[in-house]
file input.cif (mmCIF, C-alpha atoms)
data_input
loop_
_atom_site.group_PDB
_atom_site.id
_atom_site.type_symbol
_atom_site.label_atom_id
_atom_site.label_comp_id
_atom_site.auth_asym_id
_atom_site.auth_seq_id
_atom_site.Cartn_x
_atom_site.Cartn_y
_atom_site.Cartn_z
ATOM 1 C CA MET A 4 60.694 8.321 -15.763
ATOM 2 C CA SER A 5 62.345 9.051 -12.432
ATOM 3 C CA GLU A 6 65.809 7.760 -11.681
ATOM 4 C CA LYS A 7 64.496 6.159 -8.497
ATOM 5 C CA PHE A 8 61.911 4.125 -10.464
ATOM 6 C CA LYS A 9 64.501 3.079 -13.073
ATOM 7 C CA ASN A 10 66.805 1.945 -10.268
ATOM 8 C CA PHE A 11 63.956 -0.042 -8.713
ATOM 9 C CA LEU A 12 63.283 -1.819 -12.036
ATOM 10 C CA VAL A 13 66.960 -2.647 -12.526
ATOM 11 C CA THR A 14 67.724 -3.834 -8.989
ATOM 12 C CA LYS A 15 64.482 -5.773 -8.520
ATOM 13 C CA ARG A 16 64.214 -7.316 -12.013
ATOM 14 C CA ILE A 17 64.583 -10.907 -10.779
ATOM 15 C CA THR A 18 62.000 -10.397 -8.036
ATOM 16 C CA LEU A 19 59.671 -8.728 -10.540
ATOM 17 C CA GLY A 20 60.133 -11.681 -12.888
ATOM 18 C CA PHE A 21 59.109 -14.132 -10.188
ATOM 19 C CA LEU A 22 56.124 -11.948 -9.214
ATOM 20 C CA PHE A 23 55.032 -11.892 -12.851
ATOM 21 C CA ALA A 24 55.374 -15.683 -12.932
ATOM 22 C CA VAL A 25 53.016 -15.962 -9.927
ATOM 23 C CA PHE A 26 50.570 -13.538 -11.576
ATOM 24 C CA PHE A 27 50.920 -15.470 -14.810
ATOM 25 C CA VAL A 28 50.212 -18.851 -13.190
ATOM 26 C CA LEU A 29 47.153 -17.472 -11.408
ATOM 27 C CA PHE A 30 45.616 -15.922 -14.510
ATOM 28 C CA ALA A 31 46.721 -18.299 -17.282
ATOM 29 C CA SER A 32 43.940 -20.390 -18.717
ATOM 30 C CA PRO A 33 44.413 -24.146 -18.856
ATOM 31 C CA PRO A 34 46.544 -24.711 -21.944
ATOM 32 C CA SER A 35 45.748 -26.921 -24.895
ATOM 33 C CA MET A 36 48.181 -29.761 -25.506
ATOM 34 C CA LEU A 37 49.375 -28.234 -28.801
ATOM 35 C CA PHE A 38 50.138 -24.817 -27.305
ATOM 36 C CA PHE A 39 51.652 -26.433 -24.203
ATOM 37 C CA VAL A 40 54.150 -28.326 -26.364
ATOM 38 C CA ILE A 41 54.934 -25.411 -28.719
ATOM 39 C CA GLY A 42 55.312 -22.922 -25.867
ATOM 40 C CA LEU A 43 57.456 -25.288 -23.834
ATOM 41 C CA GLU A 44 59.813 -25.725 -26.797
ATOM 42 C CA VAL A 45 60.251 -21.930 -26.925
ATOM 43 C CA VAL A 46 60.838 -21.881 -23.144
ATOM 44 C CA ILE A 47 63.480 -24.623 -23.421
ATOM 45 C CA PHE A 48 65.180 -22.802 -26.309
ATOM 46 C CA GLY A 49 65.242 -19.590 -24.244
ATOM 47 C CA GLU A 50 66.720 -21.391 -21.243
ATOM 48 C CA ALA A 51 69.317 -23.067 -23.468
ATOM 49 C CA ILE A 52 70.441 -19.602 -24.576
ATOM 50 C CA ARG A 53 70.608 -18.474 -20.939
ATOM 51 C CA ILE A 54 72.674 -21.534 -19.967
ATOM 52 C CA TRP A 55 74.996 -20.999 -22.934
ATOM 53 C CA ALA A 56 75.454 -17.336 -21.979
ATOM 54 C CA SER A 57 75.929 -18.081 -18.266
ATOM 55 C CA GLY A 58 78.732 -20.484 -19.108
ATOM 56 C CA TYR A 59 80.761 -17.626 -20.612
ATOM 57 C CA LEU A 60 79.856 -14.764 -18.270
ATOM 58 C CA LYS A 61 82.362 -13.818 -15.582
ATOM 59 C CA LYS A 62 80.702 -10.688 -14.210
ATOM 60 C CA GLY A 63 83.081 -7.858 -13.503
ATOM 61 C CA GLU A 64 86.162 -9.880 -14.486
ATOM 62 C CA ILE A 65 86.298 -10.045 -18.281
ATOM 63 C CA LEU A 66 84.228 -8.740 -21.165
ATOM 64 C CA ALA A 67 82.246 -11.717 -22.485
ATOM 65 C CA VAL A 68 82.669 -11.819 -26.271
ATOM 66 C CA ASN A 69 82.562 -15.573 -26.954
ATOM 67 C CA GLY A 70 79.701 -18.049 -27.187
ATOM 68 C CA PRO A 71 76.376 -16.265 -27.627
ATOM 69 C CA TYR A 72 78.038 -12.938 -26.809
ATOM 70 C CA ALA A 73 79.678 -13.118 -30.233
ATOM 71 C CA TYR A 74 76.185 -12.764 -31.762
ATOM 72 C CA VAL A 75 74.249 -10.539 -29.350
ATOM 73 C CA ARG A 76 75.268 -8.222 -26.483
ATOM 74 C CA HIS A 77 72.546 -9.390 -24.092
ATOM 75 C CA PRO A 78 71.906 -13.107 -24.658
ATOM 76 C CA LEU A 79 70.613 -13.587 -21.108
ATOM 77 C CA TYR A 80 67.881 -11.044 -21.801
ATOM 78 C CA LEU A 81 67.122 -12.661 -25.152
ATOM 79 C CA GLY A 82 66.775 -16.019 -23.381
ATOM 80 C CA SER A 83 64.500 -14.485 -20.738
ATOM 81 C CA PHE A 84 62.378 -12.927 -23.470
ATOM 82 C CA LEU A 85 61.980 -16.305 -25.167
ATOM 83 C CA ILE A 86 61.073 -17.972 -21.866
ATOM 84 C CA GLY A 87 58.375 -15.376 -21.188
ATOM 85 C CA THR A 88 57.107 -15.569 -24.755
ATOM 86 C CA GLY A 89 56.999 -19.368 -24.557
ATOM 87 C CA PHE A 90 54.886 -19.292 -21.420
ATOM 88 C CA CYS A 91 52.545 -16.758 -23.036
ATOM 89 C CA ILE A 92 52.168 -19.188 -25.965
ATOM 90 C CA VAL A 93 51.304 -21.945 -23.484
ATOM 91 C CA ALA A 94 48.683 -19.686 -21.875
ATOM 92 C CA GLN A 95 47.276 -18.620 -25.262
ATOM 93 C CA SER A 96 46.667 -15.185 -23.778
ATOM 94 C CA VAL A 97 47.210 -12.026 -25.773
ATOM 95 C CA ASN A 98 46.534 -9.967 -22.624
ATOM 96 C CA LEU A 99 49.275 -11.732 -20.648
ATOM 97 C CA PHE A 100 51.635 -11.350 -23.611
ATOM 98 C CA VAL A 101 50.981 -7.594 -23.812
ATOM 99 C CA ILE A 102 51.587 -7.236 -20.054
ATOM 100 C CA PHE A 103 54.769 -9.298 -20.420
ATOM 101 C CA LEU A 104 56.001 -7.143 -23.332
ATOM 102 C CA VAL A 105 55.423 -3.905 -21.412
ATOM 103 C CA LEU A 106 57.111 -5.161 -18.237
ATOM 104 C CA PHE A 107 59.973 -6.793 -20.111
ATOM 105 C CA GLY A 108 60.518 -3.664 -22.216
ATOM 106 C CA LEU A 109 60.605 -1.408 -19.166
ATOM 107 C CA VAL A 110 62.815 -3.593 -17.019
ATOM 108 C CA TYR A 111 65.350 -4.676 -19.605
ATOM 109 C CA ARG A 112 65.620 -1.347 -21.372
ATOM 110 C CA TYR A 113 66.983 0.208 -18.201
ATOM 111 C CA SER A 114 68.912 -2.894 -17.119
ATOM 112 C CA ALA A 115 70.751 -3.112 -20.451
ATOM 113 C CA ALA A 116 71.498 0.622 -20.389
ATOM 114 C CA ARG A 117 72.916 0.397 -16.856
ATOM 115 C CA GLU A 118 75.043 -2.640 -17.706
ATOM 116 C CA GLU A 119 76.404 -0.947 -20.806
ATOM 117 C CA GLU A 120 77.344 2.140 -18.783
ATOM 118 C CA GLU A 121 79.253 -0.076 -16.349
ATOM 119 C CA LEU A 122 80.947 -2.010 -19.178
ATOM 120 C CA THR A 123 81.942 1.261 -20.849
ATOM 121 C CA LYS A 124 83.576 2.432 -17.605
ATOM 122 C CA LYS A 125 85.367 -0.862 -16.996
ATOM 123 C CA PHE A 126 86.347 -1.912 -20.550
ATOM 124 C CA SER A 127 86.169 1.442 -22.408
ATOM 125 C CA ILE A 128 87.807 0.918 -25.832
ATOM 126 C CA GLU A 129 87.316 -2.849 -25.872
ATOM 127 C CA PHE A 130 83.592 -2.484 -25.126
ATOM 128 C CA ALA A 131 83.173 0.379 -27.608
ATOM 129 C CA GLU A 132 84.546 -1.832 -30.411
ATOM 130 C CA TYR A 133 82.399 -4.753 -29.309
ATOM 131 C CA LYS A 134 79.288 -2.569 -29.006
ATOM 132 C CA GLU A 135 79.810 -1.210 -32.502
ATOM 133 C CA SER A 136 79.994 -4.731 -33.980
ATOM 134 C CA VAL A 137 77.420 -6.730 -31.996
ATOM 135 C CA PRO A 138 73.690 -5.953 -31.882
ATOM 136 C CA LEU A 139 71.942 -5.201 -28.589
ATOM 137 C CA PHE A 140 69.119 -7.758 -28.597
ATOM 138 C CA LEU A 141 68.439 -9.393 -31.975
ATOM 139 C CA PRO A 142 71.330 -11.707 -32.858
ATOM 140 C CA SER A 143 73.597 -11.178 -35.835
ATOM 141 C CA PHE A 144 74.409 -14.051 -38.151
ATOM 142 C CA ASN A 145 78.039 -12.916 -38.292
ATOM 143 C CA PRO A 146 79.939 -13.622 -35.077
ATOM 144 C CA TYR A 147 82.117 -11.002 -33.470
ATOM 145 C CA GLU A 148 85.730 -11.504 -34.509
ATOM 146 C CA THR A 149 88.138 -11.420 -31.602
ATOM 147 C CA ASN A 150 91.437 -12.875 -30.548
ATOM 148 C CA VAL A 151 90.079 -13.329 -27.025
ATOM 149 C CA PHE A 152 89.047 -16.909 -26.374
ATOM 150 C CA SER A 153 87.171 -18.336 -23.421
ATOM 151 C CA LYS A 154 85.505 -21.697 -22.993
ATOM 152 C CA PHE A 155 82.035 -22.626 -21.803
ATOM 153 C CA SER A 156 82.008 -23.761 -18.166
ATOM 154 C CA TRP A 157 79.233 -25.543 -16.262
ATOM 155 C CA ALA A 158 80.857 -24.315 -13.047
ATOM 156 C CA GLN A 159 80.368 -20.765 -14.333
ATOM 157 C CA VAL A 160 76.690 -21.522 -15.056
ATOM 158 C CA LEU A 161 76.273 -22.516 -11.410
ATOM 159 C CA ASP A 162 78.379 -19.563 -10.232
ATOM 160 C CA ASN A 163 75.974 -17.274 -12.082
ATOM 161 C CA LYS A 164 73.073 -18.952 -10.241
ATOM 162 C CA GLU A 165 71.300 -19.982 -13.427
ATOM 163 C CA TYR A 166 69.618 -22.747 -11.419
ATOM 164 C CA ARG A 167 67.180 -20.087 -10.129
ATOM 165 C CA SER A 168 65.795 -19.838 -13.630
ATOM 166 C CA TRP A 169 65.492 -23.640 -13.792
ATOM 167 C CA TYR A 170 63.440 -23.673 -10.584
ATOM 168 C CA GLY A 171 61.102 -20.988 -11.880
ATOM 169 C CA ILE A 172 60.628 -22.776 -15.194
ATOM 170 C CA LEU A 173 59.935 -26.095 -13.464
ATOM 171 C CA ILE A 174 57.389 -24.576 -11.075
ATOM 172 C CA VAL A 175 55.487 -22.668 -13.790
ATOM 173 C CA THR A 176 55.566 -25.707 -16.102
ATOM 174 C CA ALA A 177 54.309 -27.974 -13.310
ATOM 175 C CA VAL A 178 51.393 -25.667 -12.482
ATOM 176 C CA LEU A 179 50.444 -25.297 -16.139
ATOM 177 C CA GLY A 180 50.827 -29.064 -16.578
ATOM 178 C CA ILE A 181 48.449 -29.637 -13.648
ATOM 179 C CA LYS A 182 45.948 -27.236 -15.237
ATOM 180 C CA LEU A 183 46.327 -29.160 -18.520
ATOM 181 C CA TYR A 184 45.840 -32.497 -16.733
ATOM 182 C CA PHE A 185 42.609 -31.388 -15.086
ATOM 183 C CA LEU A 186 41.329 -29.904 -18.323
ATOM 184 C CA TYR A 187 41.624 -33.267 -20.081
ATOM 185 C CA LYS A 188 40.753 -35.521 -17.145
#

call {"tool": "encode", "arguments": {"input": "input.cif", "output": "structure tokens"}}
result
Amino acid sequence: MSEKFKNFLVTKRITLGFLFAVFFVLFASPPSMLFFVIGLEVVIFGEAIRIWASGYLKKGEILAVNGPYAYVRHPLYLGSFLIGTGFCIVAQSVNLFVIFLVLFGLVYRYSAAREEEELTKKFSIEFAEYKESVPLFLPSFNPYETNVFSKFSWAQVLDNKEYRSWYGILIVTAVLGIKLYFLYK
């Protein structure tokens, strides 16, 4: 894959996520109540992970190793994956889920690699030790042991613009809820 295409995926990942959400809303079938509730629980769990991670992340300032970062190196991506999976459950569409998996895999594979290159440059030894102890995407049950301590901050969540994710979730949920309403009306 060309470097130019990889760069496009990494720099436009948020835009691509919103475009997929529009595509998703257009092509998702009206959900059943059961799958709407189950999928929405997965979405909420994914967003809770993103909020938790955003409250510890101070991009470019310190290496985040507390909160969810003690269990997984990319909790924001894990949360995004759960959000996308939850909406695919709501839609009950294997085709949308396969498209989501391919796009997510492409985008976040290169995004994670780029971030880890930058963290290696900025926090060399500290990041190498962290990387050796904490899994990339699937959480460990044993937290990373460190003497560095930081606290969760709602101000940091807002600083990291996590509200953009909230807006997207609310819009997609509202559209799917409207489809559900008209299905049962």

call {"tool": "atom_distance", "arguments": {"input": "input.cif", "atom1": "CA of Val97 in chain A", "atom2": "CA of Ala56 in chain A"}}
result
29.0 Å

call {"tool": "residues_around", "arguments": {"input": "input.cif", "residues": "Arg16 in chain A", "least_positions_apart": "4", "cutoff": "10 Å", "atoms": "all atoms listed in the file", "output": "list in words"}}
result
Asn10, Phe11, Leu12, Gly20, Phe21, Leu22, Leu106, Phe107, Leu109, Val110, Tyr111 and Ser114 of chain A

call {"tool": "resolve_selection", "arguments": {"input": "input.cif", "expression": "the PyMOL selection byres ((chain A and resi 128-143) around 6)", "output": "PDB file with C-alpha atoms, in the coordinates of the input"}}
result
ATOM      1  CA  TYR A  74      76.185 -12.764 -31.762  1.00  0.00           C
ATOM      2  CA  VAL A  75      74.249 -10.539 -29.350  1.00  0.00           C
ATOM      3  CA  ARG A  76      75.268  -8.222 -26.483  1.00  0.00           C
ATOM      4  CA  HIS A  77      72.546  -9.390 -24.092  1.00  0.00           C
ATOM      5  CA  THR A 123      81.942   1.261 -20.849  1.00  0.00           C
ATOM      6  CA  PHE A 126      86.347  -1.912 -20.550  1.00  0.00           C
ATOM      7  CA  SER A 127      86.169   1.442 -22.408  1.00  0.00           C
ATOM      8  CA  PHE A 144      74.409 -14.051 -38.151  1.00  0.00           C
ATOM      9  CA  ASN A 145      78.039 -12.916 -38.292  1.00  0.00           C
TER      10      ASN A 145
END

call {"tool": "atom_distance", "arguments": {"input": "input.cif", "atom1": "CA of Ala24 in chain A", "atom2": "CA of Trp169 in chain A"}}
result
12.9 Å

call {"tool": "closest_residue", "arguments": {"input": "input.cif", "among": "A:Pro78, A:Gly58, A:Gly180, A:Pro71", "to": "Phe39 in chain A", "atoms": "all atoms listed in the file"}}
result
A:Gly180

call {"tool": "resolve_selection", "arguments": {"input": "input.cif", "expression": "the PyMOL selection byres ((chain A and resi 92) around 12)", "output": "VMD selection string"}}
result
chain A and resid 27 31 to 46 85 to 91 93 to 101 103 179

call {"tool": "closest_residue", "arguments": {"input": "input.cif", "among": "A:Ser83, A:Thr176, A:Asn150, A:Thr18", "to": "Glu50 in chain A", "atoms": "only C-alpha atoms"}}
result
A:Ser83

call {"tool": "atom_distance", "arguments": {"input": "input.cif", "atom1": "CA of Gly171 in chain A", "atom2": "CA of Leu104 in chain A"}}
result
18.7 Å

call {"tool": "closest_residue", "arguments": {"input": "input.cif", "among": "A:Val160, A:Leu122, A:Leu81, A:Ala116", "to": "Ala67 in chain A", "atoms": "all atoms listed in the file"}}
result
A:Leu122

call {"tool": "residues_around", "arguments": {"input": "input.cif", "residues": "Lys125 in chain A", "least_positions_apart": "5", "cutoff": "12 Å", "atoms": "only C-alpha atoms", "output": "list in words"}}
result
Lys62, Gly63, Glu64, Ile65, Leu66, Glu118, Glu119, Glu120, Phe130 and Ala131 of chain A

call {"tool": "axis_aligned_box", "arguments": {"input": "input.cif", "around": "range 32-44 of chain A", "padding_each_side": "3 Å", "output": "lines of an AutoDock Vina configuration file"}}
result
center_x = 51.9
center_y = -25.1
center_z = -23.8
size_x = 21.9
size_y = 15.4
size_z = 16.1

call {"tool": "closest_residue", "arguments": {"input": "input.cif", "among": "A:Thr14, A:Ser57, A:Ser5, A:Asn69", "to": "Ala158 in chain A", "atoms": "all atoms listed in the file"}}
result
A:Ser57

call {"tool": "closest_residue", "arguments": {"input": "input.cif", "among": "A:Phe30, A:Tyr187, A:Tyr170, A:Phe48", "to": "Ile102 in chain A", "atoms": "all atoms listed in the file"}}
result
A:Phe30

call {"tool": "closest_residue", "arguments": {"input": "input.cif", "among": "A:Tyr113, A:Phe23, A:Phe8, A:Tyr59", "to": "Phe155 in chain A", "atoms": "all atoms listed in the file"}}
result
A:Tyr59

call {"tool": "decode", "arguments": {"input": "input.cif", "residues": "range 5-27 of chain A", "atoms": "N, CA and C atoms", "output": "compact mmCIF listing (two decimals), in the first residue's frame"}}
result
# COMPACT_ATOMS: atom_id res chain seq x y z
N SER A 5 0.53 2.22 -0.81
CA SER A 5 1.38 3.40 -0.94
C SER A 5 1.37 4.23 0.35
N GLU A 6 2.46 4.92 0.55
CA GLU A 6 2.60 5.78 1.72
C GLU A 6 1.58 6.91 1.69
N LYS A 7 1.27 7.39 0.51
CA LYS A 7 0.30 8.47 0.34
C LYS A 7 -1.10 8.00 0.80
N PHE A 8 -1.47 6.77 0.44
CA PHE A 8 -2.77 6.23 0.83
C PHE A 8 -2.82 5.98 2.33
N LYS A 9 -1.75 5.45 2.90
CA LYS A 9 -1.68 5.24 4.35
C LYS A 9 -1.85 6.56 5.09
N ASN A 10 -1.16 7.59 4.60
CA ASN A 10 -1.24 8.92 5.21
C ASN A 10 -2.67 9.46 5.13
N PHE A 11 -3.33 9.24 3.99
CA PHE A 11 -4.72 9.66 3.84
C PHE A 11 -5.59 8.97 4.89
N LEU A 12 -5.45 7.67 5.06
CA LEU A 12 -6.25 6.92 6.04
C LEU A 12 -6.03 7.45 7.46
N VAL A 13 -4.77 7.72 7.78
CA VAL A 13 -4.44 8.18 9.14
C VAL A 13 -4.97 9.59 9.39
N THR A 14 -4.73 10.50 8.46
CA THR A 14 -5.10 11.90 8.68
C THR A 14 -6.60 12.15 8.52
N LYS A 15 -7.28 11.31 7.79
CA LYS A 15 -8.72 11.51 7.54
C LYS A 15 -9.58 10.48 8.27
N ARG A 16 -9.05 9.81 9.29
CA ARG A 16 -9.79 8.73 9.94
C ARG A 16 -11.09 9.19 10.58
N ILE A 17 -11.13 10.39 11.14
CA ILE A 17 -12.35 10.89 11.77
C ILE A 17 -13.39 11.20 10.69
N THR A 18 -12.96 11.85 9.63
CA THR A 18 -13.86 12.14 8.51
C THR A 18 -14.39 10.84 7.90
N LEU A 19 -13.51 9.87 7.72
CA LEU A 19 -13.93 8.57 7.18
C LEU A 19 -14.93 7.89 8.10
N GLY A 20 -14.74 8.03 9.40
CA GLY A 20 -15.68 7.45 10.36
C GLY A 20 -17.05 8.07 10.23
N PHE A 21 -17.11 9.39 10.07
CA PHE A 21 -18.40 10.05 9.91
C PHE A 21 -19.04 9.70 8.56
N LEU A 22 -18.23 9.57 7.51
CA LEU A 22 -18.77 9.15 6.21
C LEU A 22 -19.34 7.74 6.29
N PHE A 23 -18.64 6.85 7.00
CA PHE A 23 -19.17 5.50 7.18
C PHE A 23 -20.47 5.55 7.97
N ALA A 24 -20.57 6.42 8.95
CA ALA A 24 -21.80 6.54 9.72
C ALA A 24 -22.96 6.96 8.83
N VAL A 25 -22.72 7.89 7.90
CA VAL A 25 -23.77 8.31 6.96
C VAL A 25 -24.16 7.13 6.08
N PHE A 26 -23.17 6.45 5.53
CA PHE A 26 -23.41 5.26 4.70
C PHE A 26 -24.20 4.23 5.49
N PHE A 27 -23.78 4.02 6.72
CA PHE A 27 -24.40 3.05 7.61
C PHE A 27 -25.87 3.39 7.82
